[in-house]
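To start, the structure itself, in structure tokens.
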Amino acid sequence: MGDADALIATGREALDTGDWAAARDAFAAAVAADETPEALLGLADALWWLEDVDASQRRRERAYAALRRAGASPQAAGVAMTLCINEGRSLGNQAAARGWLGRAARLVAEHGLVPLEGWVLLGRAALANEGGDVAGANDLARAAAEAARTSGDADLELCAISLVGATLVKLGRVEDGAALLDEAMAGALAGEGSPDTAVYASCVTVAACSLAAELGRALRWIRAAEEFNRRYGSVHLYAVCRAHRGGVLFAAGRWEEAEAELERALRTATANEPAQRVRAVAALAELRLAQGRVEEAVRLLDGQADRPEAARALGAVRLATGEPAGAAAVLARRLRDDEIDVVTAPLHELLVTADLAQGDVAAAGALARRVAEAGAERGSDAIAAPGDRALGRVLAAAGDPDGAVDRFERALAAFVRLELPYEAARTRLALAEVLAPGRAEAAIAEAREALAALEALGAGPEADAAAALLRSLGVKAARSGPKGIGVLTKREQEVLALLGEGLSNRQIAERLVVAPKTAENHVSSVLFKLQLTGRAQAAAYAVRHLGVPPGER
């Protein structure tokens, strides 16, 4: 066995055990010794799992070209299909995905590569789904699943089943679709297919559940994939899915993870499909707004006024900055001719809030009732919860506190069933505000629950509002941290404490085992979020509010 062969064997062993860095090093050395397709593909696999997707694609392209020159058409077609999937989902480049699908399909047809025909069908289904032809995508995915059963290809079957499920969800058959998504995830995470199949199925499942507001189901599969993540690395390597996953984590109250996922989505999608970037930008802006970082949310949304994917975030930010007319304009444009469903119900609720802020109680009431009735008719908590909360706000504004309490309690129960802690806490706060004038004890109980939940999440502004309401009712309600500290992540609070000890950026990096540049970025973020002018102020702040013993400054 030559040196290159030995290195390839070492690389394969590392891939099998999930040691991606060792695999990368072995295959890179093999490529340097002899640039064979096998070495290039091994390197491409290792780089993909290390999330250097662009570099992975370039090696895979070189392997494809070498296989074509060698006349190895079956292998070349398989590589072309992998390039198609990765361009579409990892990089969000649908044009490139179509191009590689075309090359694969041509090779399959010209050389009678029957085992790959199902994969071509799956590629066509995925592109149809992204392009809006959901019914056509469903038909193609079903054909791919049937081809997989005929050929005994477990990976193809699991991928195809997940896509059939996702298209059924989009077509409104949520229970039927969710059952197939569950089936595909169960098989994929059990190891019935390859690790790549687990990534694909997870991506499709989280995206579909996010669109259908099946956030509890999405979160349960995210949790189920954690063992897979520990062994192999991130199960969500696709840019198309990061924004959806970040949104699910935000809604589920896992804000630090959501922030990290959304920032990765932005880095991945910047140069590719604009829609994927806008989704990530919008979700991150909503997170920043909830944290009280309004200026950051405004900056993130700069230039996105005409993007429908950003309408909810834009409406929320404009309401937060005292521009209800602007919020109403953005939301009305997005909602024109759209029916009330799980996607549009939260936007309708924002529009109700904007109408109320402009004093148009009649318009707000008519819309709120439409949303609440749609939720009741369809038996959908995801529609009813925002509809009932919107109607509660209308009734409170119209001087009907009893009616408002009833609607807020309905909304609260629905948000709890949906496993949405932030929305449940916000609803508790609204309920407490309505109860306060005549039912102080009940208001105090709800406000305390809201305060605890909002502080735990890091929702600083609304936690401040809950504490202020409690104080107005005669309850001592100091925040567990100073006003605004909830905007800091746990890591940033650690950095603040180390600043209190008088540590330099390099010392902070050593203490936290991170790069000096990372420590510098954390320090800058702490200063910005707390509106402090320098390290000395930050150190004093930490000593005063965190009880940190003063360091050598």
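By convention in this document, the chains of the structure tokens carry letters A, B, ... by their order, each chain's residues are numbered from 1, and ligands are numbered from 1 in the order they are shown.
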Backbone-only DSSP, alpha helix (DSSP H) members of segment 394-525 of chain A, as an MDAnalysis selection string: chainID A and resid 394:397 401:417 421:435 440:457 460:472 490:500 505:512 516:525
Contacts of segment 249-363 of chain A with segment 379-392 of chain A up to 12 Å, shortest pair per row, only C-alpha atoms, as CSV:
```
residue,atom,partner,partner_atom,distance
A:Glu339,CA,A:Ile383,CA,11.5
A:Ile340,CA,A:Ile383,CA,7.8
A:Asp341,CA,A:Ile383,CA,6.4
A:Val342,CA,A:Ile383,CA,5.4
A:Val343,CA,A:Ile383,CA,8.5
A:Thr344,CA,A:Ile383,CA,8.4
A:Ala345,CA,A:Ile383,CA,5.5
A:Pro346,CA,A:Pro386,CA,5.8
A:Leu347,CA,A:Pro386,CA,9.0
A:His348,CA,A:Gly387,CA,8.0
A:Glu349,CA,A:Ala390,CA,5.4
A:Leu350,CA,A:Ala390,CA,8.1
A:Leu351,CA,A:Ala390,CA,9.2
A:Val352,CA,A:Ala390,CA,6.4
A:Thr353,CA,A:Ala390,CA,7.2
A:Ala354,CA,A:Ala390,CA,10.7
A:Asp355,CA,A:Ala390,CA,10.8
A:Leu356,CA,A:Ala390,CA,9.9
A:Val361,CA,A:Leu391,CA,10.5
A:Ala362,CA,A:Leu391,CA,11.4
A:Ala363,CA,A:Leu391,CA,11.4
```
Shell around Leu219 of chain A at 8 Å using only C-alpha atoms, local window under 5 positions removed, as a VMD selection string: chain A and resid 248 to 249 252
As a tab-separated table (two decimals) with N, CA and C atoms, in the first residue's frame, please: the residues near Leu435 of chain A (cut-off 10 Å, only C-alpha atoms, same-chain neighbours under 4 positions excluded).
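The resulting part_34.tsv:
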```
chain	number	residue	atom	x	y	z
A	401	PRO	N	-62.88	45.04	30.98
A	401	PRO	CA	-61.81	44.26	31.59
A	401	PRO	C	-62.17	42.79	31.76
A	402	ASP	N	-63.43	42.47	32.06
A	402	ASP	CA	-63.81	41.07	32.24
A	402	ASP	C	-63.64	40.29	30.93
A	404	ALA	N	-61.66	41.12	28.52
A	404	ALA	CA	-60.22	41.05	28.25
A	404	ALA	C	-59.57	39.93	29.04
A	405	VAL	N	-59.92	39.80	30.32
A	405	VAL	CA	-59.35	38.74	31.15
A	405	VAL	C	-59.66	37.37	30.55
A	429	LEU	N	-48.21	39.00	31.58
A	429	LEU	CA	-48.02	40.41	31.91
A	429	LEU	C	-49.24	41.23	31.47
A	430	ALA	N	-49.73	40.97	30.26
A	430	ALA	CA	-50.93	41.69	29.79
A	430	ALA	C	-52.14	41.38	30.69
A	431	LEU	N	-52.26	40.13	31.10
A	431	LEU	CA	-53.34	39.74	32.00
A	431	LEU	C	-53.22	40.47	33.34
A	439	ARG	N	-58.46	43.67	40.86
A	439	ARG	CA	-58.15	42.35	41.43
A	439	ARG	C	-56.64	42.27	41.68
A	440	ALA	N	-56.21	43.04	42.68
A	440	ALA	CA	-54.78	43.22	42.91
A	440	ALA	C	-54.06	41.92	43.23
A	441	GLU	N	-54.65	41.06	44.05
A	441	GLU	CA	-53.96	39.82	44.43
A	441	GLU	C	-53.72	38.93	43.21
A	442	ALA	N	-54.74	38.81	42.37
A	442	ALA	CA	-54.57	38.00	41.16
A	442	ALA	C	-53.53	38.63	40.23
A	443	ALA	N	-53.55	39.97	40.14
A	443	ALA	CA	-52.58	40.66	39.30
A	443	ALA	C	-51.16	40.43	39.80
A	444	ILE	N	-50.98	40.48	41.12
A	444	ILE	CA	-49.65	40.26	41.70
A	444	ILE	C	-49.14	38.86	41.39
A	446	GLU	N	-49.96	36.89	38.84
A	446	GLU	CA	-49.60	36.77	37.42
A	446	GLU	C	-48.33	37.56	37.10
A	447	ALA	N	-48.20	38.75	37.68
A	447	ALA	CA	-47.01	39.57	37.40
A	447	ALA	C	-45.75	38.92	37.94
```
Which residue of A:Glu192, A:Glu256, A:Glu433, A:Asp34 approaches Arg448 of chain A most closely, using only C-alpha atoms: A:Glu433
Neighbour list for segment 153-166 of chain A as a PyMOL selection string, cut-off 9 Å, only C-alpha atoms, skip fewer than 6 positions in-chain: chain A and resi 115+118-119+122+125-126+129+137-147+173-174+176-185+187-188+192-194+196-198+200-202+204-205+207-209
Since we have the selection now, will you write its residues out, keeping N, CA and C atoms, as a compact mmCIF listing (two decimals), in the first residue's frame?
```txt
# COMPACT_ATOMS: atom_id res chain seq x y z
N PRO A 115 -30.15 2.77 -10.31
CA PRO A 115 -30.13 3.03 -8.86
C PRO A 115 -30.15 4.52 -8.49
N GLY A 118 -33.98 7.42 -8.55
CA GLY A 118 -34.75 7.93 -7.41
C GLY A 118 -34.15 9.19 -6.82
N TRP A 119 -32.82 9.27 -6.81
CA TRP A 119 -32.17 10.48 -6.29
C TRP A 119 -32.43 11.69 -7.19
N LEU A 122 -35.77 12.87 -6.28
CA LEU A 122 -35.73 13.61 -5.02
C LEU A 122 -35.20 15.02 -5.25
N ALA A 125 -37.87 17.05 -6.73
CA ALA A 125 -38.89 17.35 -5.72
C ALA A 125 -38.44 18.50 -4.82
N ALA A 126 -37.19 18.47 -4.40
CA ALA A 126 -36.68 19.52 -3.52
C ALA A 126 -36.72 20.88 -4.20
N ASN A 129 -40.30 22.11 -4.51
CA ASN A 129 -40.77 22.58 -3.21
C ASN A 129 -40.25 23.99 -2.92
N ALA A 137 -44.02 18.84 -6.02
CA ALA A 137 -42.95 18.31 -5.18
C ALA A 137 -43.41 17.07 -4.43
N ASN A 138 -44.64 17.08 -3.97
CA ASN A 138 -45.19 15.92 -3.25
C ASN A 138 -45.23 14.70 -4.16
N ASP A 139 -45.70 14.88 -5.39
CA ASP A 139 -45.76 13.76 -6.35
C ASP A 139 -44.36 13.20 -6.63
N LEU A 140 -43.40 14.10 -6.85
CA LEU A 140 -42.03 13.66 -7.15
C LEU A 140 -41.39 12.96 -5.96
N ALA A 141 -41.63 13.47 -4.77
CA ALA A 141 -41.06 12.86 -3.57
C ALA A 141 -41.66 11.47 -3.34
N ARG A 142 -42.96 11.33 -3.59
CA ARG A 142 -43.58 10.00 -3.47
C ARG A 142 -42.96 9.02 -4.47
N ALA A 143 -42.71 9.49 -5.69
CA ALA A 143 -42.08 8.63 -6.70
C ALA A 143 -40.67 8.23 -6.26
N ALA A 144 -39.94 9.18 -5.64
CA ALA A 144 -38.59 8.88 -5.14
C ALA A 144 -38.65 7.83 -4.04
N ALA A 145 -39.64 7.94 -3.15
CA ALA A 145 -39.77 6.97 -2.07
C ALA A 145 -40.07 5.57 -2.62
N GLU A 146 -40.91 5.51 -3.64
CA GLU A 146 -41.23 4.22 -4.26
C GLU A 146 -39.99 3.62 -4.93
N ALA A 147 -39.21 4.48 -5.60
CA ALA A 147 -37.97 4.00 -6.23
C ALA A 147 -37.02 3.47 -5.17
N ARG A 173 -52.15 19.39 5.32
CA ARG A 173 -52.40 18.09 5.93
C ARG A 173 -51.34 17.85 7.01
N VAL A 174 -51.43 18.64 8.07
CA VAL A 174 -50.36 18.72 9.06
C VAL A 174 -50.15 17.38 9.76
N ASP A 176 -50.96 14.29 8.86
CA ASP A 176 -50.42 13.26 7.95
C ASP A 176 -48.94 13.53 7.67
N GLY A 177 -48.62 14.79 7.41
CA GLY A 177 -47.23 15.13 7.12
C GLY A 177 -46.33 14.95 8.32
N ALA A 178 -46.80 15.37 9.50
CA ALA A 178 -45.98 15.25 10.70
C ALA A 178 -45.68 13.79 11.02
N ALA A 179 -46.63 12.90 10.75
CA ALA A 179 -46.40 11.47 11.00
C ALA A 179 -45.23 10.95 10.15
N LEU A 180 -45.16 11.39 8.90
CA LEU A 180 -44.06 10.96 8.04
C LEU A 180 -42.74 11.60 8.46
N LEU A 181 -42.78 12.85 8.87
CA LEU A 181 -41.57 13.50 9.37
C LEU A 181 -41.04 12.75 10.60
N ASP A 182 -41.95 12.37 11.49
CA ASP A 182 -41.55 11.62 12.67
C ASP A 182 -40.93 10.28 12.28
N GLU A 183 -41.54 9.62 11.31
CA GLU A 183 -41.01 8.32 10.87
C GLU A 183 -39.60 8.45 10.31
N ALA A 184 -39.39 9.46 9.46
CA ALA A 184 -38.08 9.66 8.87
C ALA A 184 -37.04 10.00 9.93
N MET A 185 -37.40 10.84 10.89
CA MET A 185 -36.46 11.21 11.94
C MET A 185 -36.11 10.02 12.82
N GLY A 187 -36.07 6.82 12.04
CA GLY A 187 -35.15 5.94 11.32
C GLY A 187 -33.78 6.53 11.14
N ALA A 188 -33.73 7.82 10.81
CA ALA A 188 -32.44 8.47 10.55
C ALA A 188 -31.58 8.55 11.81
N GLU A 192 -30.42 4.11 10.71
CA GLU A 192 -30.89 3.30 9.59
C GLU A 192 -30.24 3.73 8.28
N GLY A 193 -29.92 5.02 8.18
CA GLY A 193 -29.20 5.53 7.02
C GLY A 193 -27.86 6.09 7.45
N SER A 194 -27.25 6.88 6.59
CA SER A 194 -25.95 7.48 6.90
C SER A 194 -26.13 8.73 7.76
N ASP A 196 -25.30 11.65 6.98
CA ASP A 196 -25.77 12.72 6.10
C ASP A 196 -27.30 12.70 5.98
N THR A 197 -27.88 11.51 6.02
CA THR A 197 -29.33 11.40 5.94
C THR A 197 -29.99 11.97 7.20
N ALA A 198 -29.35 11.78 8.35
CA ALA A 198 -29.88 12.36 9.59
C ALA A 198 -29.90 13.88 9.50
N TYR A 200 -30.10 15.68 6.67
CA TYR A 200 -31.14 16.07 5.70
C TYR A 200 -32.52 15.98 6.33
N ALA A 201 -32.81 14.85 6.98
CA ALA A 201 -34.14 14.67 7.58
C ALA A 201 -34.39 15.70 8.67
N SER A 202 -33.37 16.00 9.47
CA SER A 202 -33.53 17.00 10.53
C SER A 202 -33.83 18.37 9.96
N VAL A 204 -35.20 19.14 7.02
CA VAL A 204 -36.54 19.17 6.44
C VAL A 204 -37.60 19.22 7.54
N THR A 205 -37.39 18.45 8.61
CA THR A 205 -38.37 18.37 9.69
C THR A 205 -38.49 19.71 10.43
N ALA A 207 -37.62 22.73 9.45
CA ALA A 207 -38.17 23.77 8.58
C ALA A 207 -39.68 23.62 8.43
N ALA A 208 -40.14 22.39 8.21
CA ALA A 208 -41.58 22.17 8.02
C ALA A 208 -42.35 22.47 9.31
N CYS A 209 -41.84 22.02 10.45
CA CYS A 209 -42.53 22.27 11.72
C CYS A 209 -42.54 23.75 12.05
```
Close residues, Arg491 of chain A itself excluded, 12 Å, only C-alpha atoms, min 3 positions apart in chain, as a ChimeraX atom specification: /A:256-257,260,487-488,494-498,508-509,511-514,518-519,521-523,525-526
Go ahead and dump the residues you just picked, N, CA and C atoms, as a CSV table (one decimal), in the first residue's frame.
```csv
chain,number,residue,atom,x,y,z
A,256,GLU,N,-29.8,31.7,23.9
A,256,GLU,CA,-28.4,31.7,23.6
A,256,GLU,C,-28.1,30.8,22.4
A,257,GLU,N,-28.7,29.6,22.4
A,257,GLU,CA,-28.6,28.7,21.2
A,257,GLU,C,-29.2,29.4,20.0
A,260,ALA,N,-26.7,32.0,18.6
A,260,ALA,CA,-25.6,31.3,17.9
A,260,ALA,C,-26.0,30.8,16.5
A,487,VAL,N,-30.0,41.7,29.0
A,487,VAL,CA,-29.6,41.7,27.6
A,487,VAL,C,-28.3,40.9,27.4
A,488,LEU,N,-27.5,40.7,28.5
A,488,LEU,CA,-26.3,40.0,28.4
A,488,LEU,C,-26.5,38.5,28.4
A,494,GLU,N,-20.2,36.3,32.4
A,494,GLU,CA,-18.9,35.8,32.8
A,494,GLU,C,-17.8,36.8,32.5
A,495,VAL,N,-17.9,37.4,31.3
A,495,VAL,CA,-16.9,38.3,30.9
A,495,VAL,C,-17.0,39.6,31.8
A,496,LEU,N,-18.2,40.0,32.1
A,496,LEU,CA,-18.4,41.2,33.0
A,496,LEU,C,-17.8,40.9,34.3
A,497,ALA,N,-18.0,39.7,34.9
A,497,ALA,CA,-17.4,39.4,36.2
A,497,ALA,C,-15.9,39.4,36.1
A,498,LEU,N,-15.3,38.9,35.1
A,498,LEU,CA,-13.8,38.9,34.9
A,498,LEU,C,-13.3,40.4,34.8
A,508,ILE,N,-8.7,37.2,30.1
A,508,ILE,CA,-10.1,36.7,30.0
A,508,ILE,C,-10.1,35.6,29.0
A,509,ALA,N,-9.4,35.7,27.9
A,509,ALA,CA,-9.3,34.6,26.9
A,509,ALA,C,-8.8,33.4,27.5
A,511,ARG,N,-8.7,32.5,30.7
A,511,ARG,CA,-9.6,32.0,31.7
A,511,ARG,C,-10.8,31.2,31.1
A,512,LEU,N,-11.3,31.8,30.0
A,512,LEU,CA,-12.5,31.2,29.3
A,512,LEU,C,-12.1,30.2,28.3
A,513,VAL,N,-10.8,30.0,28.0
A,513,VAL,CA,-10.3,29.1,26.9
A,513,VAL,C,-10.9,29.5,25.6
A,514,VAL,N,-10.8,30.7,25.2
A,514,VAL,CA,-11.3,31.2,23.9
A,514,VAL,C,-10.1,32.0,23.3
A,518,THR,N,-11.9,36.6,20.3
A,518,THR,CA,-13.3,36.3,20.8
A,518,THR,C,-13.5,37.1,22.1
A,519,ALA,N,-12.5,37.1,23.0
A,519,ALA,CA,-12.7,37.8,24.3
A,519,ALA,C,-12.9,39.3,24.0
A,521,ASN,N,-14.2,40.7,21.4
A,521,ASN,CA,-15.6,40.9,20.9
A,521,ASN,C,-16.6,40.8,22.1
A,522,HIS,N,-16.4,39.9,23.0
A,522,HIS,CA,-17.3,39.8,24.2
A,522,HIS,C,-17.2,41.1,25.0
A,523,VAL,N,-16.0,41.6,25.2
A,523,VAL,CA,-15.9,42.8,26.0
A,523,VAL,C,-16.6,44.0,25.3
A,525,SER,N,-19.1,43.9,23.3
A,525,SER,CA,-20.5,43.6,23.3
A,525,SER,C,-21.0,44.0,24.7
A,526,VAL,N,-20.3,43.7,25.8
A,526,VAL,CA,-20.8,44.0,27.1
A,526,VAL,C,-20.8,45.6,27.3
```
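Between Gly78 of chain A and the candidates A:Gly123, A:Gly322, A:Gly253, A:Gly136, the tightest atom-to-atom separation, counting only C-alpha atoms, involves A:Gly123.
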Which of A:Leu127, A:Leu168, A:Leu7, A:Ala540 sits closest to Asn93 of chain A [using only C-alpha atoms]: A:Leu127
Long-range neighbours of segment 42-47 of chain A as JSON, numbers by chain, 6 Å cut-off, only C-alpha atoms, 6 positions minimum in chain: {"A": [20, 23, 24, 27, 56, 59, 60]}
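For the pair atom CA of Ala328 of chain A and atom CA of Gly303 of chain A, the separation is 17.7 Å.
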Option closest in space to Thr17 of chain A, from A:Gly131, A:Arg230, A:Leu314, A:Gly438 [counting only C-alpha atoms]: A:Arg230
